[in-house]
$ cat work.tsv   # TSV, C-alpha atoms and all ligand atoms
chain	number	residue	atom	x	y	z
B	1	MET	CA	112.72	79.43	108.81
B	2	THR	CA	110.58	82.40	109.81
B	3	ASP	CA	106.90	81.83	109.54
B	4	HIS	CA	104.68	84.80	108.85
B	5	ARG	CA	101.12	84.56	110.13
B	6	ILE	CA	98.74	85.76	107.45
B	7	ALA	CA	95.00	86.36	107.79
B	8	LEU	CA	93.13	85.66	104.55
B	9	ILE	CA	89.81	87.39	103.93
B	10	PRO	CA	88.69	86.14	100.51
B	11	GLY	CA	85.42	88.11	100.71
B	12	ASP	CA	82.95	87.90	97.84
B	13	GLY	CA	82.89	87.05	94.15
B	14	ILE	CA	86.29	86.83	92.50
B	15	GLY	CA	87.95	87.68	95.82
B	16	ALA	CA	87.92	83.96	96.59
B	17	GLU	CA	89.33	83.18	93.12
B	18	VAL	CA	92.33	85.51	93.26
B	19	LEU	CA	93.59	84.80	96.80
B	20	PRO	CA	94.67	81.18	96.18
B	21	PRO	CA	96.96	82.31	93.32
B	22	ALA	CA	98.47	84.93	95.64
B	23	GLN	CA	99.03	82.22	98.27
B	24	GLN	CA	100.70	79.92	95.73
B	25	VAL	CA	103.02	82.72	94.71
B	26	LEU	CA	103.85	83.55	98.33
B	27	ASP	CA	104.63	79.92	99.11
B	28	ALA	CA	106.80	79.55	96.01
B	29	VAL	CA	108.81	82.70	96.60
B	30	GLY	CA	109.09	81.94	100.31
B	31	ARG	CA	110.59	78.50	99.55
B	32	ARG	CA	113.16	80.17	97.35
B	33	HIS	CA	114.13	82.74	99.98
B	34	GLY	CA	113.89	80.55	103.06
B	35	PHE	CA	110.73	81.68	104.83
B	36	GLY	CA	107.20	80.41	105.05
B	37	PHE	CA	103.65	81.40	105.80
B	38	SER	CA	100.86	80.08	107.96
B	39	TYR	CA	97.37	81.11	106.94
B	40	GLN	CA	94.10	81.52	108.75
B	41	SER	CA	91.03	82.19	106.66
B	42	PHE	CA	88.02	84.31	107.68
B	43	ASP	CA	84.68	84.22	105.83
B	44	TRP	CA	83.93	87.91	106.42
B	45	SER	CA	82.00	89.20	103.46
B	46	CYS	CA	78.76	90.61	102.12
B	47	ALA	CA	77.57	87.01	101.92
B	48	ARG	CA	78.08	86.79	105.69
B	49	TYR	CA	76.28	90.12	106.10
B	50	LEU	CA	73.27	88.72	104.26
B	51	ARG	CA	73.33	85.56	106.43
B	52	GLU	CA	74.14	87.02	109.83
B	53	GLY	CA	73.61	90.78	109.59
B	54	ALA	CA	77.26	91.79	109.95
B	55	MET	CA	80.29	91.74	107.68
B	56	MET	CA	82.46	90.50	110.52
B	57	PRO	CA	82.00	89.44	114.14
B	58	GLU	CA	82.07	91.98	116.98
B	59	ASP	CA	85.52	90.84	118.04
B	60	GLY	CA	86.81	90.80	114.46
B	61	LEU	CA	89.76	93.09	115.05
B	62	ASP	CA	90.88	91.05	118.06
B	63	ARG	CA	91.03	87.95	115.89
B	64	LEU	CA	93.35	89.69	113.45
B	65	ARG	CA	95.53	91.44	115.99
B	66	ASP	CA	98.19	88.74	116.32
B	67	LYS	CA	98.67	88.38	112.55
B	68	ASP	CA	101.66	89.79	110.68
B	69	ALA	CA	99.51	90.91	107.77
B	70	ILE	CA	96.07	90.60	106.21
B	71	LEU	CA	95.40	89.65	102.59
B	72	LEU	CA	91.94	90.64	101.39
B	73	GLY	CA	90.31	89.51	98.14
B	74	ALA	CA	87.34	91.78	97.53
B	75	VAL	CA	84.05	92.58	99.22
B	76	GLY	CA	80.86	93.53	97.44
B	77	TYR	CA	77.61	91.87	96.45
B	78	PRO	CA	74.82	92.95	94.12
B	79	GLY	CA	72.09	94.47	96.26
B	80	VAL	CA	74.35	95.18	99.25
B	81	PRO	CA	75.15	98.91	99.25
B	82	ASP	CA	78.86	99.77	99.11
B	83	HIS	CA	78.68	101.60	102.43
B	84	VAL	CA	77.89	98.31	104.19
B	85	SER	CA	81.18	96.71	103.17
B	86	LEU	CA	83.02	99.98	103.61
B	87	TRP	CA	81.80	100.82	107.11
B	88	GLY	CA	81.26	97.20	108.16
B	89	LEU	CA	84.72	95.90	107.33
B	90	LEU	CA	87.23	98.06	105.48
B	91	ILE	CA	87.06	101.24	107.51
B	92	PRO	CA	87.02	99.53	110.93
B	93	ILE	CA	90.15	97.58	109.95
B	94	ARG	CA	91.91	100.62	108.46
B	95	ARG	CA	91.13	102.82	111.43
B	96	GLY	CA	91.37	100.17	114.15
B	97	PHE	CA	94.81	99.12	112.97
B	98	ARG	CA	95.97	102.66	112.28
B	99	GLN	CA	96.58	101.88	108.60
B	100	TYR	CA	96.97	105.51	107.77
B	101	VAL	CA	98.83	104.98	104.51
B	102	ASN	CA	97.09	103.69	101.42
B	103	LEU	CA	99.81	102.74	98.99
B	104	ARG	CA	98.98	102.39	95.29
B	105	PRO	CA	101.87	101.60	92.95
B	106	ILE	CA	101.21	102.57	89.33
B	107	ARG	CA	103.21	100.97	86.57
B	108	VAL	CA	102.70	100.61	82.84
B	109	PHE	CA	103.96	97.16	81.84
B	110	GLU	CA	105.25	96.13	78.48
B	111	GLY	CA	102.62	93.95	76.86
B	112	ILE	CA	99.64	95.89	78.21
B	113	ASP	CA	97.89	98.57	76.22
B	114	SER	CA	97.37	101.77	78.15
B	115	PRO	CA	94.40	103.83	76.99
B	116	VAL	CA	96.72	106.83	77.32
B	117	ARG	CA	98.89	107.62	74.34
B	118	GLY	CA	102.49	108.12	75.30
B	119	ALA	CA	102.19	106.15	78.55
B	120	ALA	CA	105.20	104.04	77.63
B	121	ALA	CA	106.14	100.86	79.45
B	122	GLY	CA	109.02	101.40	81.82
B	123	GLU	CA	108.52	105.15	81.96
B	124	VAL	CA	105.34	105.27	84.00
B	125	ASP	CA	106.33	103.94	87.39
B	126	PHE	CA	105.09	105.89	90.38
B	127	VAL	CA	103.28	105.54	93.68
B	128	VAL	CA	100.21	107.27	95.02
B	129	VAL	CA	100.27	107.66	98.80
B	130	ARG	CA	96.74	108.32	100.02
B	131	GLU	CA	95.89	109.42	103.56
B	132	ASN	CA	93.68	106.57	104.67
B	133	VAL	CA	91.94	107.36	107.96
B	134	GLU	CA	90.95	111.03	108.23
B	135	GLY	CA	90.32	113.94	105.87
B	136	GLU	CA	87.14	114.27	103.87
B	137	TYR	CA	85.68	110.87	104.81
B	138	SER	CA	84.38	111.79	108.25
B	139	GLU	CA	81.13	111.07	109.99
B	140	ILE	CA	80.92	114.61	111.27
B	141	GLY	CA	78.08	116.65	109.86
B	142	GLY	CA	74.40	116.27	109.44
B	143	ARG	CA	71.23	117.11	107.61
B	144	THR	CA	68.39	119.35	108.67
B	145	ASN	CA	65.00	120.44	107.40
B	146	ARG	CA	64.46	117.28	105.41
B	147	GLY	CA	62.02	117.81	102.60
B	148	PHE	CA	61.78	121.59	103.14
B	149	PRO	CA	63.18	124.19	100.76
B	150	GLU	CA	65.66	125.03	103.55
B	151	GLU	CA	66.99	121.46	103.58
B	152	MET	CA	70.74	121.30	103.87
B	153	ALA	CA	73.60	118.88	104.40
B	154	VAL	CA	76.92	119.65	106.04
B	155	GLN	CA	79.95	117.37	105.88
B	156	GLU	CA	83.08	118.22	107.80
B	157	ALA	CA	86.61	117.28	106.75
B	158	VAL	CA	89.08	116.58	109.53
B	159	PHE	CA	92.79	117.22	109.11
B	160	THR	CA	94.97	116.90	112.19
B	161	ARG	CA	98.59	117.98	112.49
B	162	ALA	CA	99.56	114.50	113.71
B	163	GLY	CA	97.53	112.71	111.04
B	164	VAL	CA	98.82	114.76	108.11
B	165	THR	CA	102.40	114.86	109.38
B	166	ARG	CA	102.69	111.08	109.67
B	167	VAL	CA	101.44	110.38	106.15
B	168	LEU	CA	103.65	113.13	104.72
B	169	ASP	CA	106.66	111.71	106.52
B	170	TYR	CA	105.90	108.31	105.07
B	171	ALA	CA	105.61	109.80	101.57
B	172	PHE	CA	108.80	111.87	101.88
B	173	GLY	CA	110.61	108.82	103.26
B	174	LEU	CA	109.42	106.74	100.32
B	175	ALA	CA	110.57	109.40	97.86
B	176	GLU	CA	113.94	109.41	99.62
B	177	ARG	CA	114.26	105.61	99.32
B	178	ARG	CA	113.27	105.74	95.65
B	179	GLY	CA	115.67	108.60	95.00
B	180	GLY	CA	112.79	110.51	93.53
B	181	THR	CA	110.54	113.52	93.81
B	182	LEU	CA	107.30	114.18	95.67
B	183	THR	CA	104.18	115.87	94.36
B	184	SER	CA	101.49	117.00	96.78
B	185	ALA	CA	97.85	117.21	95.70
B	186	THR	CA	96.13	120.33	96.99
B	187	LYS	CA	93.24	122.69	96.34
B	188	SER	CA	94.16	125.59	98.58
B	189	ASN	CA	92.75	128.10	96.09
B	190	GLY	CA	89.22	126.86	96.72
B	191	ILE	CA	89.28	125.02	100.05
B	192	VAL	CA	90.44	127.75	102.38
B	193	HIS	CA	91.03	126.05	105.75
B	194	THR	CA	92.11	122.44	105.42
B	195	MET	CA	94.15	122.67	102.23
B	196	PRO	CA	96.33	125.65	103.25
B	197	PHE	CA	96.99	123.70	106.47
B	198	TRP	CA	97.96	120.66	104.36
B	199	ASP	CA	100.26	122.84	102.20
B	200	GLU	CA	101.97	124.34	105.27
B	201	LEU	CA	102.64	120.89	106.66
B	202	VAL	CA	104.03	119.74	103.29
B	203	ALA	CA	106.49	122.65	103.35
B	204	GLU	CA	107.36	121.86	106.98
B	205	ARG	CA	108.02	118.17	106.32
B	206	GLY	CA	109.81	119.04	103.09
B	207	ALA	CA	112.30	121.03	105.15
B	208	VAL	CA	112.90	117.93	107.29
B	209	HIS	CA	113.62	115.87	104.14
B	210	PRO	CA	115.92	118.24	102.23
B	211	ARG	CA	117.07	115.55	99.79
B	212	VAL	CA	113.62	115.25	98.25
B	213	ALA	CA	112.63	117.81	95.62
B	214	TRP	CA	108.90	118.43	95.96
B	215	ASP	CA	106.16	120.45	94.36
B	216	GLN	CA	102.42	120.78	94.65
B	217	GLU	CA	99.58	120.84	92.14
B	218	HIS	CA	95.93	121.64	92.42
B	219	ILE	CA	93.92	118.46	92.17
B	220	ASP	CA	92.17	119.48	88.94
B	221	ALA	CA	95.44	120.21	87.13
B	222	LEU	CA	97.04	117.13	88.67
B	223	ALA	CA	94.28	114.86	87.36
B	224	ALA	CA	94.85	116.24	83.87
B	225	LYS	CA	98.61	115.64	84.16
B	226	PHE	CA	98.04	112.03	85.22
B	227	VAL	CA	96.58	111.54	81.76
B	228	LEU	CA	98.78	113.93	79.76
B	229	GLU	CA	102.20	113.24	81.29
B	230	PRO	CA	102.04	110.28	83.70
B	231	ALA	CA	105.77	109.60	83.32
B	232	ARG	CA	106.54	112.80	85.22
B	233	PHE	CA	105.51	111.47	88.64
B	234	ASP	CA	107.38	109.54	91.26
B	235	VAL	CA	105.63	109.80	94.64
B	236	VAL	CA	102.28	111.58	94.79
B	237	VAL	CA	100.81	112.30	98.21
B	238	ALA	CA	97.16	113.23	98.68
B	239	SER	CA	94.35	113.49	101.18
B	240	ASN	CA	91.82	110.69	101.56
B	241	LEU	CA	89.36	111.92	98.91
B	242	PHE	CA	91.92	113.26	96.44
B	243	GLY	CA	94.01	110.13	96.82
B	244	ASP	CA	90.98	107.92	96.25
B	245	ILE	CA	90.20	109.64	92.98
B	246	LEU	CA	93.81	109.88	91.80
B	247	SER	CA	94.61	106.26	92.48
B	248	ASP	CA	91.60	104.97	90.53
B	249	LEU	CA	92.43	107.34	87.70
B	250	ALA	CA	96.00	106.14	87.70
B	251	ALA	CA	94.90	102.49	87.73
B	252	ALA	CA	92.88	103.21	84.58
B	253	VAL	CA	95.93	104.83	82.95
B	254	VAL	CA	97.78	101.57	83.51
B	255	GLY	CA	95.32	99.69	81.35
B	256	SER	CA	93.54	97.15	83.54
B	257	ILE	CA	91.88	97.28	86.90
B	258	GLY	CA	92.69	93.57	87.28
B	259	ILE	CA	96.38	94.33	87.83
B	260	ALA	CA	96.38	97.21	90.33
B	261	PRO	CA	97.43	96.47	93.94
B	262	ALA	CA	96.93	98.35	97.18
B	263	GLY	CA	98.45	98.29	100.63
B	264	ASN	CA	96.82	99.70	103.75
B	265	LEU	CA	99.88	100.26	105.87
B	266	ASN	CA	100.57	100.75	109.52
B	267	PRO	CA	104.17	101.82	108.91
B	268	GLU	CA	105.11	101.53	112.59
B	269	ARG	CA	104.06	97.86	112.56
B	270	GLU	CA	102.07	98.26	115.79
B	271	PHE	CA	99.23	96.43	114.04
B	272	PRO	CA	98.88	94.21	110.98
B	273	SER	CA	98.74	95.95	107.61
B	274	MET	CA	96.24	94.89	104.96
B	275	PHE	CA	96.88	94.21	101.28
B	276	GLU	CA	94.18	93.96	98.62
B	277	PRO	CA	93.76	94.20	94.87
B	278	VAL	CA	92.11	97.44	93.82
B	279	HIS	CA	89.36	95.71	91.89
B	280	GLY	CA	86.03	94.71	93.38
B	281	SER	CA	84.19	91.40	93.55
B	282	ALA	CA	83.33	91.56	89.80
B	283	PRO	CA	79.99	89.74	90.03
B	284	ASP	CA	79.77	89.77	86.23
B	285	ILE	CA	82.64	87.28	85.87
B	286	ALA	CA	82.61	85.58	89.31
B	287	GLY	CA	82.46	81.80	89.37
B	288	ARG	CA	83.91	81.32	85.90
B	289	GLY	CA	87.57	80.98	86.89
B	290	VAL	CA	88.75	83.72	84.54
B	291	ALA	CA	89.55	86.55	86.96
B	292	ASN	CA	92.93	88.19	86.51
B	293	PRO	CA	95.00	87.19	89.57
B	294	LEU	CA	97.74	89.81	89.07
B	295	GLY	CA	96.16	92.47	91.30
B	296	ALA	CA	96.13	90.01	94.19
B	297	ILE	CA	99.61	88.67	93.36
B	298	TRP	CA	101.09	92.16	93.17
B	299	SER	CA	99.36	92.99	96.47
B	300	ALA	CA	101.11	89.95	97.94
B	301	ALA	CA	104.38	91.44	96.67
B	302	LEU	CA	103.62	94.67	98.55
B	303	MET	CA	103.04	92.50	101.60
B	304	LEU	CA	106.41	90.80	101.15
B	305	ASP	CA	108.07	94.20	101.01
B	306	HIS	CA	106.29	95.30	104.18
B	307	LEU	CA	107.29	92.07	105.95
B	308	GLY	CA	110.93	92.86	105.25
B	309	HIS	CA	111.52	90.80	102.10
B	310	PRO	CA	112.15	93.38	99.36
B	311	GLU	CA	114.11	90.90	97.22
B	312	ALA	CA	111.28	88.39	97.24
B	313	ALA	CA	108.87	91.20	96.41
B	314	GLY	CA	111.09	92.17	93.49
B	315	ASP	CA	111.05	88.57	92.25
B	316	VAL	CA	107.26	88.66	92.16
B	317	THR	CA	106.92	91.99	90.35
B	318	GLY	CA	109.72	90.87	88.02
B	319	ALA	CA	107.78	87.70	87.21
B	320	ILE	CA	104.64	89.75	86.55
B	321	ALA	CA	106.54	92.04	84.17
B	322	ALA	CA	108.23	89.11	82.42
B	323	VAL	CA	105.00	87.20	81.89
B	324	LEU	CA	103.17	90.23	80.55
B	325	ALA	CA	106.03	91.09	78.20
B	326	GLY	CA	106.94	87.61	77.04
B	327	SER	CA	103.92	85.36	77.13
B	328	GLU	CA	100.71	85.19	75.15
B	329	VAL	CA	98.99	83.47	78.06
B	330	ARG	CA	96.67	85.93	79.80
B	331	THR	CA	93.13	86.26	81.12
B	332	PRO	CA	90.27	87.66	79.00
B	333	ASP	CA	90.44	91.16	80.55
B	334	LEU	CA	93.92	91.44	78.98
B	335	GLY	CA	92.74	90.11	75.64
B	336	GLY	CA	93.63	86.46	76.19
B	337	THR	CA	91.73	83.23	76.75
B	338	ALA	CA	93.56	81.78	79.76
B	339	THR	CA	91.94	80.85	83.05
B	340	THR	CA	93.05	82.26	86.39
B	341	ALA	CA	94.91	78.98	87.10
B	342	GLU	CA	96.72	78.92	83.73
B	343	PHE	CA	97.80	82.53	84.11
B	344	THR	CA	98.99	81.85	87.66
B	345	ASP	CA	101.05	78.88	86.41
B	346	GLU	CA	102.94	81.19	84.05
B	347	ILE	CA	104.00	83.28	87.02
B	348	LEU	CA	104.81	80.26	89.17
B	349	GLN	CA	107.10	78.82	86.49
B	350	LEU	CA	109.29	81.89	86.76
B	351	LEU	CA	109.51	81.61	90.52
B	401	LIG	P1	82.30	95.89	93.66
B	401	LIG	O1	80.90	96.25	93.92
B	401	LIG	O2	82.75	94.68	94.41
B	401	LIG	O3	83.24	97.05	93.79
B	401	LIG	P2	82.27	96.41	90.85
B	401	LIG	O4	81.55	95.66	89.79
B	401	LIG	O5	81.82	97.74	91.26
B	401	LIG	O6	82.36	95.44	92.11
B	401	LIG	P3	84.84	95.64	89.96
B	401	LIG	O7	84.60	94.37	90.65
B	401	LIG	O8	86.15	96.26	90.16
B	401	LIG	O9	83.77	96.69	90.40
B	401	LIG	O10	84.59	95.41	88.40
B	401	LIG	C1	84.62	96.41	87.42
B	401	LIG	C2	84.80	95.72	86.06
B	401	LIG	O11	86.13	95.23	85.93
B	401	LIG	C3	83.90	94.51	85.88
B	401	LIG	O12	83.45	94.42	84.53
B	401	LIG	C4	84.80	93.35	86.21
B	401	LIG	O13	84.45	92.15	85.56
B	401	LIG	C5	86.17	93.83	85.76
B	401	LIG	N1	87.21	93.27	86.64
B	401	LIG	C6	87.49	93.67	87.89
B	401	LIG	N2	88.47	92.95	88.42
B	401	LIG	C7	88.84	92.04	87.49
B	401	LIG	C8	89.81	90.99	87.45
B	401	LIG	N3	90.62	90.73	88.50
B	401	LIG	N4	89.89	90.26	86.33
B	401	LIG	C9	89.11	90.53	85.28
B	401	LIG	N5	88.18	91.48	85.25
B	401	LIG	C10	88.03	92.25	86.33
B	402	MG	MG	82.62	98.94	92.98

$ encode --input "work.tsv" --output "structure tokens"
Amino acid sequence: MTDHRIALIPGDGIGAEVLPPAQQVLDAVGRRHGFGFSYQSFDWSCARYLREGAMMPEDGLDRLRDKDAILLGAVGYPGVPDHVSLWGLLIPIRRGFRQYVNLRPIRVFEGIDSPVRGAAAGEVDFVVVRENVEGEYSEIGGRTNRGFPEEMAVQEAVFTRAGVTRVLDYAFGLAERRGGTLTSATKSNGIVHTMPFWDELVAERGAVHPRVAWDQEHIDALAAKFVLEPARFDVVVASNLFGDILSDLAAAVVGSIGIAPAGNLNPEREFPSMFEPVHGSAPDIAGRGVANPLGAIWSAALMLDHLGHPEAAGDVTGAIAAVLAGSEVRTPDLGGTATTAEFTDEILQLL
């Protein structure tokens, strides 16, 4: 029986409430398919930052290095600015472990109301691939003349041939495996250096993957189409900033932030990849045991897929779909009255 070594970072707020359900699901599905997990938990969080002045220890990455994957709950705490958790934990892990793909599956499930008319269950089923380590989120730039009328701020975006090519190859490969199409998000009409470069590389990689039909859309038009015709997409690839915006928009189209999963992938498996629900620490409901565990459970399914267990992953997403379609039991964010534990039990019964 293979044992996968998993690092758990529950984080803050409901992060600690949604990881145990994900673990229960992993253990159940592992028993069924003949593999197991060993877990090591790390208390890295905004709470730790407030106690000790850092989200994680100096040698944090070294402690994670020998793991097969990382499962993160959520980090965030009222009064701690977002950039602390971002630059103190998430970005060092993403960059340090070369997790250059941010994978965000988008699916409208039967039994969930999408705020978008015409976003029918079963028809909306696509993936946003976001470049996760370079692009618009760079530290290069600066501010001068503070307080003077001449004050200005400059922020550079960094797109490298190697960095763009690898994420495009991942996205084209995914479209190939799904037997689908690829849509590239651009803005080369307004951003005259980086985006034309991005477009050229899309065309170049498209030629290497001739079986995938691809097109490109300007980000403004693409955002509108996410709302107007979400069923049209299959794999959408975007830069760091565009992908960030598109994936949150798409998660809203689906109907609940409590369901959406994310994977931060190192496709070459040189380093552990990290899986996390899209939602934050939700301080408004933390401690009450009513958080929706599906985002974390679906993230665990992405992890199973990455660890080479696509059938087990399919069992988990199948159980999620079946419970949403066939059961009245659900957490308050989905209009029910169930607790996190009761909702998790519904899933476990199917596994
Ligand atoms: P953070 O600062 O950690 O990002 P946030 O408040 O900005 O937290 P979320 O934590 O994502 O962002 O919460 C946004 C809203 O969605 C809140 O009202 C929260 O209660 C709700 N929410 C988020 N995740 C869940 C969940 N898993 N189950 C139920 N409700 C959720
Ligand atoms: Mg937030």

$ residues_around --input "work.tsv" --residues "Gly34 of chain B" --least-positions-apart "4" --cutoff "12 Å" --atoms "only C-alpha atoms" --output "list in words"
Met1, Thr2, Asp3, His4, Leu26, Asp27, Ala28, Val29, Gly30, His309, Glu311 and Ala312 of chain B

$ closest_residue --input "work.tsv" --among "B:Asp333, B:Asp113, B:Glu328, B:Asp284" --to "ligand MG 402 (chain B)" --atoms "all atoms listed in the file"
B:Asp284

$ closest_residue --input "work.tsv" --among "B:Val75, B:Met195, B:Leu249, B:Ala22" --to "ligand MG 402 (chain B)" --atoms "only C-alpha atoms and all ligand atoms"
B:Val75

$ closest_residue --input "work.tsv" --among "B:Gly255, B:Gly147, B:Pro10, B:Pro277" --to "ligand LIG 401 (chain B)" --atoms "all atoms listed in the file"
B:Pro277

$ residues_around --input "work.tsv" --residues "Phe159 of chain B" --least-positions-apart "2" --cutoff "8 Å" --atoms "only C-alpha atoms" --output "MDAnalysis selection string"
chainID B and resid 134:135 157 161 163:164 194 198

$ write_last_selection --input "work.tsv" --atoms "C-alpha atoms" --output "compact mmCIF listing (two decimals), keeping the file's coordinate frame"
# COMPACT_ATOMS: atom_id res chain seq x y z
CA GLU B 134 90.95 111.03 108.23
CA GLY B 135 90.32 113.94 105.87
CA ALA B 157 86.61 117.28 106.75
CA ARG B 161 98.59 117.98 112.49
CA GLY B 163 97.53 112.71 111.04
CA VAL B 164 98.82 114.76 108.11
CA THR B 194 92.11 122.44 105.42
CA TRP B 198 97.96 120.66 104.36

$ residues_around --input "work.tsv" --residues "Thr183 of chain B" --least-positions-apart "4" --cutoff "7 Å" --atoms "only C-alpha atoms" --output "list of chain:residue names"
B:Trp214, B:Asp215, B:Gln216, B:Val235, B:Val236, B:Val237

$ write_last_selection --input "work.tsv" --atoms "C-alpha atoms" --output "PDB file, keeping the file's coordinate frame"
ATOM      1  CA  TRP B 214     108.900 118.430  95.960  1.00  0.00           C
ATOM      2  CA  ASP B 215     106.160 120.450  94.360  1.00  0.00           C
ATOM      3  CA  GLN B 216     102.420 120.780  94.650  1.00  0.00           C
ATOM      4  CA  VAL B 235     105.630 109.800  94.640  1.00  0.00           C
ATOM      5  CA  VAL B 236     102.280 111.580  94.790  1.00  0.00           C
ATOM      6  CA  VAL B 237     100.810 112.300  98.210  1.00  0.00           C
TER       7      VAL B 237
END

$ residues_near_ligand --input "work.tsv" --ligand "ligand LIG 401 (chain B)" --cutoff "10 Å" --atoms "all atoms listed in the file" --output "number ranges by chain"
B: 11-15, 17-18, 46, 73-82, 85, 256-260, 277-286, 289-296, 331-334, 340

$ closest_residue --input "work.tsv" --among "B:Leu71, B:Val25, B:Val323, B:Val84" --to "Ala54 of chain B" --atoms "all atoms listed in the file"
B:Val84

$ closest_residue --input "work.tsv" --among "B:Ala301, B:Pro21, B:Gly118, B:Gly263" --to "Glu342 of chain B" --atoms "all atoms listed in the file"
B:Pro21

$ atom_distance --input "work.tsv" --atom1 "atom CA of Val133 of chain B" --atom2 "atom CA of Glu176 of chain B"
23.6 Å

$ residues_near_point --input "work.tsv" --point "(94.8, 105.2, 106.4)" --cutoff "8 Å" --atoms "all atoms listed in the file" --output "VMD selection string"
chain B and resid 94 to 95 98 to 102 130 to 134 240 264 to 266

$ closest_residue --input "work.tsv" --among "B:Pro57, B:Asp248, B:Glu52, B:Asp125" --to "ligand MG 402 (chain B)" --atoms "all atoms listed in the file"
B:Asp248

$ atom_distance --input "work.tsv" --atom1 "atom CA of Glu58 of chain B" --atom2 "atom CA of Arg269 of chain B"
23.2 Å

$ residues_around --input "work.tsv" --residues "Thr144 of chain B" --least-positions-apart "6" --cutoff "12 Å" --atoms "only C-alpha atoms" --output "PyMOL selection string"
chain B and resi 150-154

$ residues_near_point --input "work.tsv" --point "(90.6, 92.6, 103.8)" --cutoff "7 Å" --atoms "all atoms listed in the file" --output "list in words"
Ile9, Ile70, Leu71, Leu72, Gly73, Leu90, Met274, Phe275 and Glu276 of chain B

$ atom_distance --input "work.tsv" --atom1 "atom CA of Leu241 of chain B" --atom2 "atom CA of Phe197 of chain B"
15.9 Å

$ build_atoms --input "work.tsv" --residues "segment 79-94 of chain B" --atoms "N, CA and C atoms" --output "tab-separated table (two decimals), in the coordinates of the input"
chain	number	residue	atom	x	y	z
B	79	GLY	N	73.19	94.27	95.31
B	79	GLY	CA	72.09	94.47	96.26
B	79	GLY	C	72.55	94.92	97.64
B	80	VAL	N	73.82	94.68	97.97
B	80	VAL	CA	74.35	95.18	99.25
B	80	VAL	C	75.04	96.51	98.96
B	81	PRO	N	74.54	97.60	99.56
B	81	PRO	CA	75.15	98.91	99.25
B	81	PRO	C	76.63	98.95	99.65
B	82	ASP	N	77.42	99.68	98.86
B	82	ASP	CA	78.86	99.77	99.11
B	82	ASP	C	79.19	100.21	100.54
B	83	HIS	N	78.31	101.08	101.10
B	83	HIS	CA	78.68	101.60	102.43
B	83	HIS	C	78.63	100.51	103.49
B	84	VAL	N	77.92	99.42	103.23
B	84	VAL	CA	77.89	98.31	104.19
B	84	VAL	C	79.26	97.66	104.28
B	85	SER	N	79.86	97.36	103.12
B	85	SER	CA	81.18	96.71	103.17
B	85	SER	C	82.25	97.70	103.62
B	86	LEU	N	82.05	98.96	103.24
B	86	LEU	CA	83.02	99.98	103.61
B	86	LEU	C	83.04	100.19	105.12
B	87	TRP	N	81.87	100.49	105.68
B	87	TRP	CA	81.80	100.82	107.11
B	87	TRP	C	81.73	99.57	107.97
B	88	GLY	N	81.38	98.42	107.37
B	88	GLY	CA	81.26	97.20	108.16
B	88	GLY	C	82.54	96.39	108.21
B	89	LEU	N	83.50	96.72	107.36
B	89	LEU	CA	84.72	95.90	107.33
B	89	LEU	C	85.97	96.74	107.04
B	90	LEU	N	85.98	97.41	105.90
B	90	LEU	CA	87.23	98.06	105.48
B	90	LEU	C	87.64	99.19	106.40
B	91	ILE	N	86.69	100.09	106.69
B	91	ILE	CA	87.06	101.24	107.51
B	91	ILE	C	87.38	100.85	108.95
B	92	PRO	N	86.61	99.94	109.58
B	92	PRO	CA	87.02	99.53	110.93
B	92	PRO	C	88.43	98.93	110.97
B	93	ILE	N	88.80	98.15	109.95
B	93	ILE	CA	90.15	97.58	109.95
B	93	ILE	C	91.19	98.68	109.71
B	94	ARG	N	90.94	99.55	108.74
B	94	ARG	CA	91.91	100.62	108.46
B	94	ARG	C	92.12	101.52	109.67
